[in-house]
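J.: Please see the structure below; I have some questions.
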Amino acid sequence: MDSEQQPPKVYLHPRREAFEHGLLPIPKLIFTDGLQSLSHIKSDILSSTPNHRVNSETLSRVLQIPPDHSRLLIETISVVLHRDSDPLLKATTPQEMDKAGVNVFDLLLFLYIQNYKRLLPKSHKDSAAVADVWPSTSAFDGILSVLSPLQLVRSNSRRFVPSQGDEEAHQLSYLHKHIGNILCLLADSVDGKGNKEGEAEEEGYESMVLSVDKFEHLGFLLLFGDNGSQRFPLSQNTPFFANSDPNMPASPVPAPLVLDWLLENISSAQEHISERSTKENGPSSSSDQDVAMADAAASSAKPSSSIRGPSLIEGVSKSSCVKQTSDIKGTSVKVVNCHESVIYIMAPVKYATVYGCSDATIVLGAVGKAVRVEHCERVHLISTTKRICIANCRECVFFLGVNQKPLIVGDNHKLQVAPYNTFYPQLEEHMNQVGIDPKVNNWDKLMILGVIDPHDSLSHPAGGSDIQSESATCLDPDHYTNFVIPSSLVSEQAGSTNDNPFPLPDPYLASQQKNHKSLEEVKQLLRDTKLDDTQKRELSGALHSCFKEWLFASGNVRQLYYLPGE
């Protein structure tokens, strides 16, 4: 008789959301001495907040940042928190979020990873293929000769996002190096008091213990589970906290024991990724950018479905791609390197990333946590979301239904924002599912940060961090039009949405009504005008010619690229 088949091993993974959507380019949040400064901040906060929760006023005082930055910090933590039961996630307004505050230990982990450096974008292995889909000229090409070296680096739009496996390996490498310091911020001394500033260095881990509730805060950065499957509480996968009764929690565990277990599991996960990468892509080498900012080059092959992470839509060119709820695996989606195309994602997700796209229209259905758009040119993005961050983009237009203030960072040029402008039958159902409020739309209340991103791995000139990113302008209401999703692309499932769920501001509503009235007047005029067959043909030809010119001028010609079966 065959022996029972052993269940597959479950590996430790970095929690991608914290690294992809939880970094803010605010210099005062980045501590080069890490543990020393954060230990002082921890002591300061714990001495003044007995319930271990911090509001924006306390954050402004302790971190010496403006009130709007402290509110932004709380909002950012709210969209990357790992515990759905946290009071912060039950808040729906800025006032409620400030009243709920953020847990001090979640705050400390959030602040610690602000020193993380993202993996460098890499060149595509097939430069000829890139040239075929990426526009060779741009409205900005004529001024590149006068840009600084930093701007020249950022203006090179032929960037390719590292594979999901590369990113995960890089994040694990960072955590392997820093997990000891992170544990120090969570640990207590043997007498039950939190370690004081400098105590970790003086007494080491031997004098510290970790309780099960403090250990669970590591879920902000680490998780067990694979490929979008069920995620298990960290404590239930440890030999020292597993099966503990919430009513009778396990005794605190010596910090050295926890550290050894974490290092062993992180190393095991790194080996697993390396083996998997070798099988799929052949031998490759990589380096830890956090130690040496060298280019960690690996194969740019599209990752297989076995890799845990977001659903990936990559390399769509001169065509269209339609994804419904049943097509999306997991809770996040990435749209990468799509050009001269239309991408429809009519599904509810928690996170979405759009990277390296050009001359495309991208419709994101309902994104309950955060959208990040980076290194895009001439893209029209249409989305409902809780939050959006726009970085290093050019000549893009964003049609938004967004509950929090849009965040604009990096080297941007000629961006425009406008109210949300489309719908599909299941939209409101999807919005309810992920918690987007159609009564709140902050599409034009922009939060502008610096042009320098301290989380990339590029060198920056002195004083560059003081330069503010270029803001976006509001789209002229006369240029605002509804984006109609073809009925042939919509899911056959029933839905109740038959109009834009976000109320339009008066100028855009007036423009829409004026356009509708003009259209009806033209229709009536044509009905009342008696034309012979030759005149009808001439009029039809003129209308088609004008319509074609409008399609190309507005970018709506992209909608004609739909190919059935995509």
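For the structure tokens, the naming scheme is as follows: chains receive sequential letters (A, B, ...) according to their order of presentation, residues are indexed from 1 within each chain, and ligands are indexed from 1 in presentation order.
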I'd like the contact shell of Gly315 in chain A - 10 Å cut-off, only C-alpha atoms, skipping same-chain residues fewer than 2 positions apart - returned as an MDAnalysis selection string.

T.: chainID A and resid 130 133 302 312:313 317:318 335:339 341 356:357

J.: By how many Å are CA of Thr534 in chain A and CA of Lys517 in chain A apart?

T.: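 Atom-to-atom, CA of Thr534 in chain A to CA of Lys517 in chain A, that is 28.2 Å.
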
J.: Just the residues within 7 Å of range 221-224 of chain A, please, counting only C-alpha atoms, with nothing from its chain fewer than 3 positions along; format it as a ChimeraX atom specification.

T.: /A:10-15,18,218,231-232,234
